file run-v7.txt (compact mmCIF, C-alpha atoms)
# COMPACT_ATOMS: atom_id res chain seq x y z
CA MET E 27 10.82 30.38 -17.15
CA ASP E 28 10.42 28.87 -13.70
CA GLY E 29 13.16 26.27 -13.91
CA ASN E 30 10.99 23.33 -14.90
CA SER E 31 10.47 21.66 -18.21
CA SER E 32 7.36 22.72 -20.08
CA ALA E 33 5.92 19.19 -19.78
CA VAL E 34 6.08 19.48 -16.00
CA ARG E 35 4.61 22.98 -16.11
CA THR E 36 1.73 21.74 -18.24
CA LEU E 37 1.06 18.87 -15.84
CA ILE E 38 1.08 21.22 -12.84
CA GLU E 39 -1.35 23.50 -14.68
CA GLN E 40 -3.68 20.63 -15.55
CA LEU E 41 -3.63 19.22 -12.02
CA GLY E 42 -4.27 22.71 -10.65
CA ARG E 43 -7.57 22.85 -12.57
CA LEU E 44 -8.99 20.02 -10.45
CA PRO E 45 -11.36 21.13 -7.70
CA GLY E 46 -9.68 21.60 -4.34
CA ILE E 47 -6.16 21.31 -5.81
CA GLY E 48 -4.22 24.53 -5.36
CA ARG E 49 -0.89 25.46 -6.89
CA LYS E 50 1.19 23.83 -4.15
CA SER E 51 -0.85 20.62 -4.18
CA ALA E 52 -0.60 20.47 -7.96
CA GLU E 53 3.19 20.73 -7.72
CA ARG E 54 3.29 18.01 -5.06
CA LEU E 55 1.10 15.71 -7.17
CA ALA E 56 3.18 16.36 -10.30
CA PHE E 57 6.43 15.50 -8.54
CA HIS E 58 4.75 12.43 -7.10
CA LEU E 59 3.80 11.32 -10.62
CA MET E 60 7.41 11.87 -11.69
CA ARG E 61 8.69 9.76 -8.81
CA VAL E 62 6.41 6.70 -8.93
CA SER E 63 6.97 3.95 -11.46
CA LYS E 64 6.16 4.90 -15.02
CA GLN E 65 3.58 2.11 -15.02
CA GLU E 66 1.71 3.61 -12.08
CA ALA E 67 1.70 7.11 -13.56
CA LEU E 68 0.46 5.86 -16.92
CA ALA E 69 -2.24 3.79 -15.18
CA LEU E 70 -3.79 7.04 -13.95
CA ALA E 71 -3.59 8.62 -17.40
CA GLU E 72 -5.19 5.53 -18.88
CA ALA E 73 -7.96 5.45 -16.25
CA ILE E 74 -8.90 9.03 -17.12
CA ARG E 75 -8.88 8.31 -20.83
CA ASN E 76 -10.83 5.08 -20.40
CA VAL E 77 -13.54 6.77 -18.36
CA ARG E 78 -13.99 9.51 -20.92
CA GLU E 79 -13.90 7.13 -23.90
CA ASN E 80 -16.12 4.42 -22.48
CA VAL E 81 -18.43 5.78 -19.82
CA ARG E 82 -21.81 7.22 -20.68
CA TYR E 83 -25.12 7.73 -18.90
CA CYS E 84 -27.46 4.77 -18.38
CA ARG E 85 -30.35 4.97 -20.84
CA GLU E 86 -32.79 4.14 -18.06
CA CYS E 87 -31.62 5.88 -14.88
CA PHE E 88 -28.77 8.22 -15.98
CA ASN E 89 -26.26 6.62 -13.64
CA LEU E 90 -22.77 6.26 -15.13
CA ALA E 91 -22.56 3.14 -17.29
CA GLU E 92 -20.25 1.35 -19.67
CA SER E 93 -23.07 -0.05 -21.78
CA GLU E 94 -26.63 1.02 -22.59
CA LEU E 95 -27.76 0.12 -19.09
CA CYS E 96 -25.82 0.61 -15.85
CA GLU E 97 -24.86 -2.24 -13.54
CA ILE E 98 -27.77 -1.54 -11.22
CA CYS E 99 -30.44 -1.46 -13.93
CA ARG E 100 -29.00 -4.72 -15.33
CA ASP E 101 -28.89 -6.44 -11.92
CA PRO E 102 -31.80 -8.94 -11.68
CA ALA E 103 -31.49 -8.98 -7.88
CA ARG E 104 -32.60 -5.36 -7.43
CA ASP E 105 -36.09 -4.51 -6.18
CA ARG E 106 -37.83 -3.10 -9.27
CA GLN E 107 -40.78 -1.62 -7.45
CA ARG E 108 -38.83 1.14 -5.76
CA ILE E 109 -36.99 4.03 -7.38
CA CYS E 110 -34.74 6.40 -5.49
CA VAL E 111 -34.24 9.88 -6.99
CA VAL E 112 -30.82 11.47 -6.45
CA GLU E 113 -29.16 14.58 -7.82
CA GLN E 114 -25.80 13.15 -8.91
CA PRO E 115 -24.08 9.82 -9.55
CA ARG E 116 -21.96 10.48 -6.45
CA ASP E 117 -25.11 10.54 -4.30
CA LEU E 118 -26.05 7.16 -5.73
CA LEU E 119 -22.55 5.93 -4.89
CA ALA E 120 -22.92 7.10 -1.28
CA LEU E 121 -26.20 5.19 -0.94
CA GLU E 122 -24.73 2.07 -2.55
CA GLN E 123 -21.70 2.16 -0.28
CA ALA E 124 -23.99 2.40 2.73
CA GLY E 125 -25.56 -0.85 1.48
CA VAL E 126 -28.99 -0.02 2.85
CA TYR E 127 -31.03 0.17 -0.36
CA ARG E 128 -31.75 -2.53 -2.93
CA GLY E 129 -34.12 -0.77 -5.32
CA LEU E 130 -33.47 1.16 -8.54
CA TYR E 131 -32.37 4.76 -8.95
CA HIS E 132 -33.00 7.81 -11.05
CA VAL E 133 -30.21 10.36 -11.36
CA LEU E 134 -31.42 13.90 -12.07
CA LEU E 135 -27.95 15.15 -13.09
CA GLY E 136 -28.46 18.31 -11.06
CA ARG E 137 -31.12 20.19 -9.17
CA ILE E 138 -33.47 23.03 -10.02
CA ALA E 139 -31.50 26.19 -9.30
CA PRO E 140 -33.19 29.29 -10.74
CA LEU E 141 -30.35 31.56 -9.62
CA GLU E 142 -27.94 29.54 -11.77
CA GLY E 143 -30.43 29.36 -14.61
CA ILE E 144 -31.01 25.63 -14.15
CA GLY E 145 -34.66 24.79 -14.75
CA PRO E 146 -36.50 21.44 -14.72
CA ASP E 147 -35.90 21.03 -18.47
CA GLN E 148 -32.16 20.69 -17.97
CA LEU E 149 -32.61 17.73 -15.63
CA THR E 150 -33.83 14.22 -16.36
CA ILE E 151 -37.26 14.84 -14.80
CA ASP E 152 -39.22 14.12 -18.00
CA ALA E 153 -37.52 10.74 -18.26
CA LEU E 154 -38.40 10.01 -14.63
CA VAL E 155 -42.07 10.86 -15.20
CA GLU E 156 -42.05 8.61 -18.24
CA ARG E 157 -40.49 5.77 -16.24
CA VAL E 158 -43.15 6.12 -13.56
CA ARG E 159 -45.91 6.31 -16.19
CA LEU E 160 -44.76 3.15 -17.96
CA GLY E 161 -43.42 1.19 -15.03
CA GLU E 162 -44.96 -0.58 -12.12
CA PHE E 163 -43.28 1.28 -9.31
CA GLN E 164 -44.85 1.27 -5.87
CA GLU E 165 -42.69 3.94 -4.37
CA VAL E 166 -40.53 6.89 -5.44
CA ILE E 167 -38.08 7.90 -2.70
CA MET E 168 -36.86 11.48 -2.99
CA ALA E 169 -33.19 11.57 -1.93
CA THR E 170 -32.20 15.00 -3.17
CA ASN E 171 -29.89 16.94 -0.88
CA PRO E 172 -31.48 18.54 2.21
CA THR E 173 -30.89 22.05 0.87
CA VAL E 174 -33.29 24.75 -0.32
CA GLU E 175 -32.66 23.74 -3.92
CA GLY E 176 -32.77 20.00 -3.26
CA ASP E 177 -36.03 20.34 -1.35
CA GLY E 178 -37.49 22.53 -4.10
CA THR E 179 -36.52 19.98 -6.72
CA ALA E 180 -38.13 17.16 -4.70
CA LEU E 181 -41.30 19.19 -4.31
CA TYR E 182 -41.45 19.98 -8.03
CA ILE E 183 -41.01 16.31 -8.91
CA SER E 184 -43.60 15.12 -6.42
CA ASN E 185 -46.08 17.52 -8.04
CA GLN E 186 -45.20 16.14 -11.48
CA LEU E 187 -45.85 12.62 -10.22
CA SER E 188 -49.08 13.38 -8.35
CA ASP E 189 -51.26 11.97 -11.16
CA TYR E 190 -49.77 8.51 -10.89
CA SER E 191 -50.66 5.89 -8.28
CA VAL E 192 -47.22 5.75 -6.75
CA GLU E 193 -46.26 6.51 -3.18
CA ILE E 194 -43.81 9.40 -2.90
CA THR E 195 -41.57 9.51 0.16
CA ARG E 196 -38.45 11.36 1.15
CA LEU E 197 -35.46 10.50 3.37
CA ALA E 198 -36.11 10.97 7.08
CA ARG E 199 -34.64 14.02 8.78
CA GLY E 200 -33.76 14.45 12.40
CA ILE E 201 -30.91 14.26 14.85
CA THR E 202 -27.94 12.26 13.62
CA ILE E 203 -26.79 9.15 15.41
CA GLY E 204 -23.96 9.90 17.84
CA SER E 205 -24.68 13.64 17.99
CA VAL E 206 -25.27 15.70 21.15
CA LEU E 207 -28.60 17.44 21.67
CA GLU E 208 -27.13 20.52 23.32
CA LEU E 209 -24.94 21.15 20.25
CA THR E 210 -27.68 20.46 17.70
CA ASN E 211 -28.99 23.49 15.87
CA ARG E 212 -32.54 24.78 15.70
CA GLU E 213 -33.32 23.54 12.17
CA ILE E 214 -32.25 20.00 12.97
CA LEU E 215 -34.26 19.97 16.21
CA ALA E 216 -37.30 21.31 14.34
CA ASP E 217 -36.97 18.51 11.75
CA ALA E 218 -36.55 15.95 14.51
CA LEU E 219 -39.62 17.14 16.40
CA SER E 220 -41.94 17.50 13.43
CA GLY E 221 -40.93 14.05 12.17
CA ARG E 222 -41.08 12.31 15.56
CA GLN E 223 -41.89 8.62 15.45
CA LYS E 224 -43.84 6.24 17.71
CA MET E 225 -41.64 4.12 19.99
CA MET P 9 -20.40 -4.09 -7.03
CA ASP P 10 -20.81 -0.59 -5.70
CA GLY P 11 -23.15 0.75 -8.33
CA ASN P 12 -20.55 2.33 -10.58
CA SER P 13 -19.02 1.18 -13.82
CA SER P 14 -15.67 -0.52 -13.48
CA ALA P 15 -13.98 2.29 -15.45
CA VAL P 16 -15.14 4.78 -12.84
CA ARG P 17 -14.08 2.47 -10.02
CA THR P 18 -10.63 2.13 -11.58
CA LEU P 19 -10.29 5.88 -11.92
CA ILE P 20 -11.33 6.42 -8.28
CA GLU P 21 -8.76 3.82 -7.21
CA GLN P 22 -5.99 5.42 -9.25
CA LEU P 23 -6.79 8.91 -7.99
CA GLY P 24 -6.90 7.57 -4.43
CA ARG P 25 -3.26 6.47 -4.73
CA LEU P 26 -2.11 10.09 -5.06
CA PRO P 27 -0.65 11.55 -1.88
CA GLY P 28 -3.16 13.47 0.22
CA ILE P 29 -6.13 12.23 -1.84
CA GLY P 30 -8.47 10.12 0.27
CA ARG P 31 -11.40 8.03 -0.90
CA LYS P 32 -13.91 10.89 -0.82
CA SER P 33 -11.59 13.29 -2.63
CA ALA P 34 -10.86 10.64 -5.24
CA GLU P 35 -14.59 10.22 -5.86
CA ARG P 36 -15.06 13.96 -6.10
CA LEU P 37 -12.18 14.28 -8.58
CA ALA P 38 -13.46 11.34 -10.66
CA PHE P 39 -16.93 12.84 -10.95
CA HIS P 40 -15.34 16.17 -11.81
CA LEU P 41 -13.43 14.52 -14.65
CA MET P 42 -16.69 12.99 -15.85
CA ARG P 43 -18.40 16.35 -15.82
CA VAL P 44 -15.86 18.61 -17.53
CA SER P 45 -15.45 18.63 -21.29
CA LYS P 46 -13.87 15.51 -22.72
CA GLN P 47 -11.10 17.72 -24.06
CA GLU P 48 -10.21 19.00 -20.60
CA ALA P 49 -10.19 15.53 -19.06
CA LEU P 50 -8.02 14.13 -21.82
CA ALA P 51 -5.64 17.10 -21.50
CA LEU P 52 -4.81 15.93 -17.98
CA ALA P 53 -4.31 12.33 -19.12
CA GLU P 54 -2.05 13.58 -21.90
CA ALA P 55 -0.05 15.82 -19.56
CA ILE P 56 0.68 12.83 -17.30
CA ARG P 57 1.67 10.66 -20.24
CA ASN P 58 3.80 13.39 -21.78
CA VAL P 59 5.71 14.00 -18.57
CA ARG P 60 6.48 10.31 -18.15
CA GLU P 61 7.39 9.81 -21.81
CA ASN P 62 9.50 12.93 -22.28
CA VAL P 63 10.91 14.11 -18.99
CA ARG P 64 14.21 12.83 -17.65
CA TYR P 65 16.86 14.11 -15.29
CA CYS P 66 19.33 16.74 -16.46
CA ARG P 67 22.72 15.13 -17.19
CA GLU P 68 24.46 17.94 -15.33
CA CYS P 69 22.34 18.90 -12.32
CA PHE P 70 19.58 16.22 -12.11
CA ASN P 71 16.79 18.77 -12.37
CA LEU P 72 13.84 17.60 -14.49
CA ALA P 73 14.56 18.17 -18.17
CA GLU P 74 13.13 17.48 -21.60
CA SER P 75 16.54 17.18 -23.25
CA GLU P 76 20.05 16.24 -22.10
CA LEU P 77 20.37 19.49 -20.18
CA CYS P 78 17.65 21.27 -18.22
CA GLU P 79 16.48 24.79 -18.98
CA ILE P 80 18.60 26.27 -16.23
CA CYS P 81 21.84 24.54 -17.26
CA ARG P 82 21.19 25.65 -20.85
CA ASP P 83 20.46 29.26 -19.90
CA PRO P 84 23.50 31.43 -20.77
CA ALA P 85 22.26 34.15 -18.40
CA ARG P 86 22.79 32.09 -15.23
CA ASP P 87 25.73 32.76 -12.93
CA ARG P 88 28.01 29.74 -13.47
CA GLN P 89 30.20 30.33 -10.47
CA ARG P 90 27.56 29.43 -7.92
CA ILE P 91 25.86 26.10 -7.40
CA CYS P 92 22.93 25.59 -5.05
CA VAL P 93 22.41 22.06 -3.66
CA VAL P 94 18.79 21.02 -3.06
CA GLU P 95 17.17 17.72 -2.15
CA GLN P 96 14.39 17.58 -4.75
CA PRO P 97 13.30 19.25 -7.99
CA ARG P 98 10.40 20.80 -6.05
CA ASP P 99 12.88 22.62 -3.79
CA LEU P 100 14.55 24.01 -6.89
CA LEU P 101 11.13 25.11 -8.10
CA ALA P 102 10.45 26.94 -4.83
CA LEU P 103 13.74 28.84 -5.13
CA GLU P 104 13.10 29.66 -8.79
CA GLN P 105 9.61 30.94 -8.03
CA ALA P 106 11.06 33.17 -5.32
CA GLY P 107 13.26 34.66 -8.06
CA VAL P 108 16.12 35.41 -5.66
CA TYR P 109 18.85 33.20 -7.10
CA ARG P 110 20.51 33.29 -10.52
CA GLY P 111 23.16 30.59 -10.22
CA LEU P 112 23.10 26.90 -11.09
CA TYR P 113 21.72 23.99 -9.06
CA HIS P 114 22.48 20.45 -8.10
CA VAL P 115 19.56 18.19 -7.20
CA LEU P 116 20.47 15.35 -4.82
CA LEU P 117 17.24 13.41 -5.49
CA GLY P 118 16.84 12.74 -1.79
CA ARG P 119 18.73 13.09 1.47
CA ILE P 120 20.83 10.75 3.55
CA ALA P 121 18.36 8.88 5.77
CA PRO P 122 19.98 5.89 7.50
CA LEU P 123 16.69 4.84 9.10
CA GLU P 124 15.16 4.45 5.64
CA GLY P 125 18.30 2.77 4.33
CA ILE P 126 19.18 5.73 2.10
CA GLY P 127 22.93 6.23 2.03
CA PRO P 128 25.10 8.75 0.15
CA ASP P 129 25.52 6.30 -2.75
CA GLN P 130 21.85 6.52 -3.63
CA LEU P 131 22.05 10.28 -4.09
CA THR P 132 23.83 12.31 -6.77
CA ILE P 133 26.65 13.34 -4.43
CA ASP P 134 29.42 11.75 -6.51
CA ALA P 135 28.26 13.72 -9.54
CA LEU P 136 28.30 16.91 -7.46
CA VAL P 137 31.85 16.28 -6.27
CA GLU P 138 32.86 15.65 -9.88
CA ARG P 139 31.22 18.91 -11.01
CA VAL P 140 33.06 20.84 -8.32
CA ARG P 141 36.34 19.11 -9.20
CA LEU P 142 36.06 19.90 -12.89
CA GLY P 143 34.27 23.21 -12.72
CA GLU P 144 35.25 26.67 -11.68
CA PHE P 145 32.72 27.24 -8.97
CA GLN P 146 33.37 29.88 -6.34
CA GLU P 147 30.57 28.89 -4.00
CA VAL P 148 28.42 25.87 -3.17
CA ILE P 149 25.26 26.88 -1.29
CA MET P 150 23.72 24.08 0.76
CA ALA P 151 19.94 24.42 0.55
CA THR P 152 18.85 21.07 1.97
CA ASN P 153 15.84 21.14 4.26
CA PRO P 154 16.42 22.41 7.81
CA THR P 155 15.76 18.96 9.29
CA VAL P 156 18.03 16.50 11.06
CA GLU P 157 18.45 14.54 7.83
CA GLY P 158 18.83 17.59 5.62
CA ASP P 159 21.45 19.05 7.96
CA GLY P 160 23.27 15.73 8.11
CA THR P 161 23.30 15.51 4.32
CA ALA P 162 24.69 19.04 4.03
CA LEU P 163 27.40 18.25 6.58
CA TYR P 164 28.37 15.06 4.75
CA ILE P 165 28.60 16.92 1.44
CA SER P 166 30.63 19.78 2.87
CA ASN P 167 33.12 17.21 4.17
CA GLN P 168 33.30 15.61 0.74
CA LEU P 169 34.04 19.00 -0.80
CA SER P 170 36.59 20.15 1.79
CA ASP P 171 39.54 19.34 -0.49
CA TYR P 172 38.45 21.79 -3.18
CA SER P 173 38.99 25.52 -3.11
CA VAL P 174 35.30 26.37 -3.12
CA GLU P 175 33.41 28.33 -0.49
CA ILE P 176 30.64 26.29 1.12
CA THR P 177 27.71 28.17 2.62
CA ARG P 178 24.24 27.30 3.78
CA LEU P 179 20.95 29.18 3.84
CA ALA P 180 20.57 31.59 6.75
CA ARG P 181 18.39 30.57 9.66
CA GLY P 182 16.62 32.78 12.11
CA ILE P 183 13.30 34.35 12.84
CA THR P 184 10.97 34.56 9.85
CA ILE P 185 9.79 37.88 8.49
CA GLY P 186 6.38 38.81 9.89
CA SER P 187 6.60 36.42 12.85
CA VAL P 188 6.13 37.31 16.53
CA LEU P 189 9.00 36.81 18.97
CA GLU P 190 6.84 35.71 21.88
CA LEU P 191 5.42 32.86 19.77
CA THR P 192 8.77 31.79 18.31
CA ASN P 193 10.16 28.53 19.64
CA ARG P 194 13.46 27.90 21.36
CA GLU P 195 15.22 26.31 18.37
CA ILE P 196 14.40 29.20 16.07
CA LEU P 197 15.52 31.76 18.67
CA ALA P 198 18.76 29.81 19.19
CA ASP P 199 19.41 29.85 15.42
CA ALA P 200 18.61 33.56 15.28
CA LEU P 201 20.96 34.42 18.15
CA SER P 202 23.88 32.27 17.02
CA GLY P 203 23.61 33.64 13.49
CA ARG P 204 23.12 37.30 14.51
CA GLN P 205 24.33 39.87 12.02
CA LYS P 206 25.90 43.35 12.28
CA MET P 207 23.47 46.22 11.67
call {"tool": "encode", "arguments": {"input": "run-v7.txt", "output": "structure tokens"}}
result
Amino acid sequence: MDGNSSAVRTLIEQLGRLPGIGRKSAERLAFHLMRVSKQEALALAEAIRNVRENVRYCRECFNLAESELCEICRDPARDRQRICVVEQPRDLLALEQAGVYRGLYHVLLGRIAPLEGIGPDQLTIDALVERVRLGEFQEVIMATNPTVEGDGTALYISNQLSDYSVEITRLARGITIGSVLELTNREILADALSGRQKM
Amino acid sequence: MDGNSSAVRTLIEQLGRLPGIGRKSAERLAFHLMRVSKQEALALAEAIRNVRENVRYCRECFNLAESELCEICRDPARDRQRICVVEQPRDLLALEQAGVYRGLYHVLLGRIAPLEGIGPDQLTIDALVERVRLGEFQEVIMATNPTVEGDGTALYISNQLSDYSVEITRLARGITIGSVLELTNREILADALSGRQKM
């Protein structure tokens, strides 16, 4: 017994299973949920339930969706000649929030990671190849993460797509805006040099 | 439209209202809840609902409870001659987890904070005075936070209790175990000197 009701203990345990939420944070969040209006606390419970009852993957691009197709695939204003390949829905969200891209997406739901036993078959690569085969895309933009595994996944996919007459590009790499050259590491400088552009 | 279903947007919004959870963390938590088993996600929703449906304040000490009396007030093994006054249920939890106290508690549900418009009437001080009046307590231990407001609250309460034959104490203050004197600030050293104990 630690002096709290078992309902509170259960809530602290459940909150503590969230990523980045330690024991102390879980306690703080639980007491917060006890203190706010009942309506506000139940709104969070309901939002979790609603997401898990009603959200699925888009049939076309594997973004999160509340119907067969996600909002982006259903949006007639999107550029349907471009498809941007990302690892996770949260990567798509980052691009959408930046507001710099108006084409379609394809969410891989992961990346090829042999050390974790994740091969191409566990991703949505076959569906992407099929989309490219059937569709009239001009360009596939690889926007996997700039990591060893993300790069490997992009390379694998570009090989899979090499038979189709579609341009395959990837996000530019180089120095970041606002950064300082003297504090920029070797890998970034190498990317920036090898990808240098005409002024 | 930011490219996500409205259920996901709602969940991100609700998570973002939790203390210490910013926009990015809320997104990360939402995608986590999408990725884990449905059972695990719903367990969190249910824990929140259960706490808000079933948890109330203990009639006696205002700790969180699932029945009229909290687990501590119901526990026959607790020392019923001592009562420890804390600001919040989470303070009680910290003391219980330390396992160094076996008496009863009284939770004030706040502290006197004139700048926030919180006066003694909004706390459970009257109920505490009534408990002391009716009960057979030997000692009331003030365990409010060592802040200006916590100290002020403790002082106010000890004045309210001065008519009763009960010993009023407060938690010791001084240097903390494992700390380094040369890095200890003036206020802590002053507390440690003025409260010095016989060896």
call {"tool": "residues_near_point", "arguments": {"input": "run-v7.txt", "point": "(-27.6, 5.8, -17.3)", "cutoff": "8 Å", "atoms": "all atoms listed in the file", "output": "PDB file with C-alpha atoms, in the coordinates of the input"}}
result
ATOM      1  CA  ARG E  82     -21.810   7.220 -20.680  1.00  0.00           C
ATOM      2  CA  TYR E  83     -25.120   7.730 -18.900  1.00  0.00           C
ATOM      3  CA  CYS E  84     -27.460   4.770 -18.380  1.00  0.00           C
ATOM      4  CA  ARG E  85     -30.350   4.970 -20.840  1.00  0.00           C
ATOM      5  CA  GLU E  86     -32.790   4.140 -18.060  1.00  0.00           C
ATOM      6  CA  CYS E  87     -31.620   5.880 -14.880  1.00  0.00           C
ATOM      7  CA  PHE E  88     -28.770   8.220 -15.980  1.00  0.00           C
ATOM      8  CA  ASN E  89     -26.260   6.620 -13.640  1.00  0.00           C
ATOM      9  CA  LEU E  90     -22.770   6.260 -15.130  1.00  0.00           C
ATOM     10  CA  ALA E  91     -22.560   3.140 -17.290  1.00  0.00           C
ATOM     11  CA  GLU E  94     -26.630   1.020 -22.590  1.00  0.00           C
ATOM     12  CA  LEU E  95     -27.760   0.120 -19.090  1.00  0.00           C
ATOM     13  CA  CYS E  96     -25.820   0.610 -15.850  1.00  0.00           C
ATOM     14  CA  VAL E 133     -30.210  10.360 -11.360  1.00  0.00           C
TER      15      VAL E 133
END
call {"tool": "atom_distance", "arguments": {"input": "run-v7.txt", "atom1": "atom CA of P:Lys46", "atom2": "atom CA of E:Val81"}}
result
11.1 Å
call {"tool": "atom_distance", "arguments": {"input": "run-v7.txt", "atom1": "atom CA of P:Ser187", "atom2": "atom CA of P:Gly28"}}
result
28.0 Å
call {"tool": "interface_residues", "arguments": {"input": "run-v7.txt", "of": "chain E", "to": "chain P", "cutoff": "7 Å", "atoms": "only C-alpha atoms", "output": "ChimeraX atom specification"}}
result
/E:28-31,33-34,36-37,40-41,44-45,55,60,64,67-68,70-78,90-92,97-98,119,122-123
call {"tool": "atom_distance", "arguments": {"input": "run-v7.txt", "atom1": "atom CA of E:Ala139", "atom2": "atom CA of E:Leu160"}}
result
28.0 Å
call {"tool": "residues_around", "arguments": {"input": "run-v7.txt", "residues": "P:Thr155", "least_positions_apart": "4", "cutoff": "12 Å", "atoms": "only C-alpha atoms", "output": "PyMOL selection string"}}
result
chain P and resi 95+119-121+151+159-163+181+195
call {"tool": "residues_around", "arguments": {"input": "run-v7.txt", "residues": "P:Gln146", "least_positions_apart": "4", "cutoff": "7 Å", "atoms": "all atoms listed in the file", "output": "PyMOL selection string"}}
result
chain P and resi 89-90+174-175
call {"tool": "residues_around", "arguments": {"input": "run-v7.txt", "residues": "P:Thr184", "least_positions_apart": "6", "cutoff": "12 Å", "atoms": "only C-alpha atoms", "output": "PDB file with C-alpha atoms, in the frame of the given file"}}
result
ATOM      1  CA  LEU P 191       5.420  32.860  19.770  1.00  0.00           C
ATOM      2  CA  THR P 192       8.770  31.790  18.310  1.00  0.00           C
ATOM      3  CA  ASN P 193      10.160  28.530  19.640  1.00  0.00           C
ATOM      4  CA  ILE P 196      14.400  29.200  16.070  1.00  0.00           C
ATOM      5  CA  LEU P 197      15.520  31.760  18.670  1.00  0.00           C
ATOM      6  CA  ASP P 199      19.410  29.850  15.420  1.00  0.00           C
ATOM      7  CA  ALA P 200      18.610  33.560  15.280  1.00  0.00           C
TER       8      ALA P 200
END
call {"tool": "residues_around", "arguments": {"input": "run-v7.txt", "residues": "P:Glu147", "least_positions_apart": "6", "cutoff": "12 Å", "atoms": "all atoms listed in the file", "output": "list in words"}}
result
Asp87, Arg88, Gln89, Arg90, Ile91, Cys92, Val93, Gly111, Leu112, Tyr113, Val140, Ser166, Leu169, Tyr172, Ser173, Val174, Glu175, Ile176, Thr177 and Arg178 of chain P
call {"tool": "closest_residue", "arguments": {"input": "run-v7.txt", "among": "P:Ile185, P:Ala198, P:Ile133, P:Val94", "to": "P:Ile149", "atoms": "all atoms listed in the file"}}
result
P:Val94
